[in-house]
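Input: a single structure, listed below in structure tokens.
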Amino acid sequence: MTVLDVKNIGLRGVTVADTKISLVDGVQGLLLYRGYHIRDLAEQATYEEVIHLLLFGRLPNRDELDLIRRKLAEARKLPDSVIAYLELRAADGQTLDVIQGAVSMLADYDEDLRQGSRANVSRAALRLISRLAVVTAAWNLIKQGKPVTEPDLDPGISHAGVLMRMLLDREVSADEERLMDILLILHAEHTFNASTFTARQVASTMAHLYAATAAAIGALSGRLHGGANAKVMEMLMEIGGIDKVEDWMTARIAARKRVMGLGHAVYKTEDPRARILKEIAQKALVGEQEQWWRLAVKVESVGRELLQAQRGLALYPNVDFYSGPILYAIGMTTDMFPAFFAVSRVAGWCAHVIEEQFAEAQPKPTIYRPRSYYVGRYAGPDGCELTPIDERGSGVAFGEDFENFTSVED
């Protein structure tokens, strides 16, 4: 067996570090935040409590929860220059690109970055969690040509409530606010996915919290990572009705194309978050929105049956399958779905940056430095002979036609 045979492309199944933050058991369909079952947290906790749990390793008492709420409220007002930056961005700019830039700017206004203690970074994390939600909501207003409303600084209003009121530019009911709270909890953390691993890799260099978070948002913007919930909703809208599901799914699977929202890189059974979201969707998608509930259930049923029969794949809904219709039903546009993921997941990203930099699950902080195996051109230990430019042949390294490769239309 050669080195090429044993490489693990994409690091699938490769353990790169220990963590105390969360556990995903893909065989049992289990997700724990710091030892707590995700269902218990979704049903009984608030997002603020989960923030404390992820950042500090335990659920807060009442005084600690009040402190978390005050710190989040104090940080909500954005610097004027950040609002000005958002107003300068093109209205059709990619949302994650915009908020990634805003995160880098916010670093200029966080004095805790000048100190390196765990307490400093924790305070910066609370500030970033609060402000990322406001940045996202402000951008959503700006790209629609609406004025940016000031966030409510009352610590008695939940993080979910502030986000939802600004993002949707309207008052929301207590039930809607609680729904948003649960959505934030369910998306807050999920071990070493692509964006979290990116944050930890950057953090391992001892880059600051905002740099690691901006990098994580960059990873989230990739089409193989973020945006799956938006693609689920777009799929449902493309299908259009229950009577069209069979034909659409048959053609899709015959063409060996993915059915968005079915299957997961880790879970070999049902995603526990998807189970919770399906229950929520059944209750929340009523009236005019009931069509999306009925359509999603039909797509899940037909898709799983056809994938099993035709391709031998036993796939289950993931977190994106039912979160897409829920986010759409409460009034969020699909282009904002990936940003909502970032607003939720930033608590997990911050927890991982802290754990990485302060070696809370490892013997010591260590910069990530994996190996690679060179498979390029090799002409012996002395290297390839460099010929004079006039004696070199034509063509480019990867078989592209040079003129077409470099041509620019007038």
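Chains: A, B, ... in order of the structure tokens. Residues: from 1 per chain. Ligands: from 1, in order shown.
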
Open item on the list: Could you list, as a list of chain:residue names, every residue within 10 Å of A:Met260, counting only C-alpha atoms and ignoring same-chain residues fewer than 3 positions away?
Closed with: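 Neighbouring residues, sequence-local ones excluded: A:Ala228, A:Asn229, A:Ala230, A:Lys231, A:Val232, A:Met233, A:Glu234, A:Met235, A:Leu236, A:Lys257, A:Gly263, A:Gly303, A:Pro317, A:Asn318, A:Asp320, A:Phe321.
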
Go ahead and save the residues from that selection, with C-alpha atoms, as a PDB file, in the first residue's frame.
```
ATOM      1  CA  ALA A 228     -28.356  23.997   2.551  1.00  0.00           C
ATOM      2  CA  ASN A 229     -31.509  25.185   4.310  1.00  0.00           C
ATOM      3  CA  ALA A 230     -31.984  27.807   1.601  1.00  0.00           C
ATOM      4  CA  LYS A 231     -31.579  25.130  -1.067  1.00  0.00           C
ATOM      5  CA  VAL A 232     -34.221  23.010   0.681  1.00  0.00           C
ATOM      6  CA  MET A 233     -36.679  25.886   0.501  1.00  0.00           C
ATOM      7  CA  GLU A 234     -35.787  26.595  -3.113  1.00  0.00           C
ATOM      8  CA  MET A 235     -36.350  22.900  -3.883  1.00  0.00           C
ATOM      9  CA  LEU A 236     -39.806  23.002  -2.308  1.00  0.00           C
ATOM     10  CA  LYS A 257     -28.541  14.556  -8.116  1.00  0.00           C
ATOM     11  CA  GLY A 263     -28.435  12.784   4.530  1.00  0.00           C
ATOM     12  CA  GLY A 303     -37.278  10.904  -1.373  1.00  0.00           C
ATOM     13  CA  PRO A 317     -33.578  14.476   7.166  1.00  0.00           C
ATOM     14  CA  ASN A 318     -30.860  16.718   8.557  1.00  0.00           C
ATOM     15  CA  ASP A 320     -31.665  21.955   7.214  1.00  0.00           C
ATOM     16  CA  PHE A 321     -34.674  20.026   5.912  1.00  0.00           C
TER      17      PHE A 321
END
```

Could you make a table, as a Markdown table, of the residues of stretch 204-288 of chain A that have an atom within 12 Å of an atom of stretch 131-134 of chain A, each with its nearest atom pair and distance in Å to one decimal, counting only C-alpha atoms, in chain and number order?
```
| residue | atom | partner | partner_atom | distance |
| --- | --- | --- | --- | --- |
| A:Tyr210 | CA | A:Leu132 | CA | 10.7 |
| A:Thr213 | CA | A:Leu132 | CA | 10.3 |
| A:Ala214 | CA | A:Leu132 | CA | 10.8 |
| A:Ile217 | CA | A:Leu132 | CA | 11.1 |
```

Quick one: pick out all strand (DSSP E or B) residues within stretch 27-61 of chain A from a backbone DSSP run and write them as a short mmCIF file (atom, residue, chain, number, x, y, z; two decimals) with C-alpha atoms, in the first residue's frame.
```cif
data_model
loop_
_atom_site.label_atom_id
_atom_site.label_comp_id
_atom_site.auth_asym_id
_atom_site.auth_seq_id
_atom_site.Cartn_x
_atom_site.Cartn_y
_atom_site.Cartn_z
CA LEU A 30 -27.08 11.90 19.70
CA LEU A 31 -26.05 15.55 20.16
CA LEU A 32 -24.85 16.89 23.51
CA TYR A 33 -23.73 20.42 24.41
CA TYR A 36 -26.66 18.16 27.97
CA HIS A 37 -29.04 16.60 25.44
#
```

Open item on the list: Just want the 10 Å neighbourhood of A:Arg69, counted on only C-alpha atoms, with same-chain residues fewer than 6 positions away dropped. Output as a PyMOL selection string.
Closed with: chain A and resi 48-49+63+126+130+154-159

- [ ] From a DSSP calculation on the backbone, collect every residue of stretch 114-347 of chain A in helix (DSSP H, G or I) and output the set as a ChimeraX atom specification.
- [x] /A:114,118-142,159-168,174-186,194-203,209-220,228-239,242-254,272-284,287-311,319-329,334-347

TODO: Report the distance between atom CA of A:Lys146 and atom CA of A:Ala215 in Å, rounded to one decimal place.
DONE: 28.8 Å

Open item on the list: With only C-alpha atoms as the counted atoms, please give the residues lying no more than 12 Å from stretch 53-57 of chain A, apart from itself and same-chain residues fewer than 3 positions off, as a PyMOL selection string.
Closed with: chain A and resi 19-22+32-36+41+45-50+60-61+64-65+68+118-119+121-126+129+185+188-191+345-355+360-361

- [ ] Determine the nearest neighbour of A:Gln291 from the options A:Leu183, A:Met237, A:Met336, A:Ala379, counting only C-alpha atoms.
- [x] A:Met237

- [ ] Give me, please, the distance in Å between atom CA of A:Ile280 and atom CA of A:Thr333, quoted to one decimal.
- [x] 19.3 Å

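Of the listed residues A:Val259, A:Leu224, A:Leu128, A:Leu327, the one whose atoms come nearest to A:Ala107 is A:Leu128, with distances taken using only C-alpha atoms.
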
Open item on the list: One decimal, in Å: what's the spacing between atom CA of A:Gly26 and atom CA of A:Arg39?
Closed with: 15.8 Å

TODO: Could you tell me which of A:Ala254, A:Met166, A:Ala274, A:Val82 comes closest to A:Gly29 if we count only C-alpha atoms?
DONE: A:Ala274

Task: Top pick for closest residue to A:Glu171, considering A:Ile330, A:Ala342, A:Lys364, A:Leu209 and counting only C-alpha atoms - done: A:Ile330

TODO: Please provide as a VMD selection string all residues within 12 Å of A:Ala309, with the sequence filter that same-chain residues fewer than 5 positions apart are discarded (counting only C-alpha atoms).
DONE: chain A and resid 250 253 to 254 302 to 304 314 to 315

- [ ] Point out the residue among A:Arg89, A:Asp181, A:Leu168, A:Asp152 with the least atom-to-atom distance to A:Ser344, counting only C-alpha atoms.
- [x]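 Closest candidate: A:Asp181.
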
Can you list every residue of stretch 165-281 of chain A that has an atom at most 8 Å from stretch 293-299 of chain A, with its nearest atom pair and the distance in Å to one decimal, using only C-alpha atoms, ordered by chain then number, as JSON lines?
```
{"residue": "A:Leu236", "atom": "CA", "partner": "A:Leu295", "partner_atom": "CA", "distance": 7.0}
{"residue": "A:Gly241", "atom": "CA", "partner": "A:Leu295", "partner_atom": "CA", "distance": 6.6}
{"residue": "A:Ile242", "atom": "CA", "partner": "A:Leu295", "partner_atom": "CA", "distance": 5.5}
{"residue": "A:Val245", "atom": "CA", "partner": "A:Val299", "partner_atom": "CA", "distance": 6.3}
{"residue": "A:Met249", "atom": "CA", "partner": "A:Val299", "partner_atom": "CA", "distance": 7.7}
{"residue": "A:Ala281", "atom": "CA", "partner": "A:Trp293", "partner_atom": "CA", "distance": 6.5}
```

Grab the residues selected above and save them as a PDB file, in the first residue's frame with C-alpha atoms.
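Output saved as again_35.pdb:
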```pdb
ATOM      1  CA  LEU A 236     -39.806  23.002  -2.308  1.00  0.00           C
ATOM      2  CA  GLY A 241     -47.154  21.117  -5.072  1.00  0.00           C
ATOM      3  CA  ILE A 242     -47.728  17.690  -3.569  1.00  0.00           C
ATOM      4  CA  VAL A 245     -43.432  15.391  -5.870  1.00  0.00           C
ATOM      5  CA  MET A 249     -38.121  13.234  -7.166  1.00  0.00           C
ATOM      6  CA  ALA A 281     -42.795  22.711  11.833  1.00  0.00           C
TER       7      ALA A 281
END
```

Open item on the list: I'd like the contact shell of A:Val16 - 10 Å cut-off, only C-alpha atoms, skipping same-chain residues fewer than 4 positions apart - returned as a ChimeraX atom specification.
Closed with: /A:11,192,197,368,370
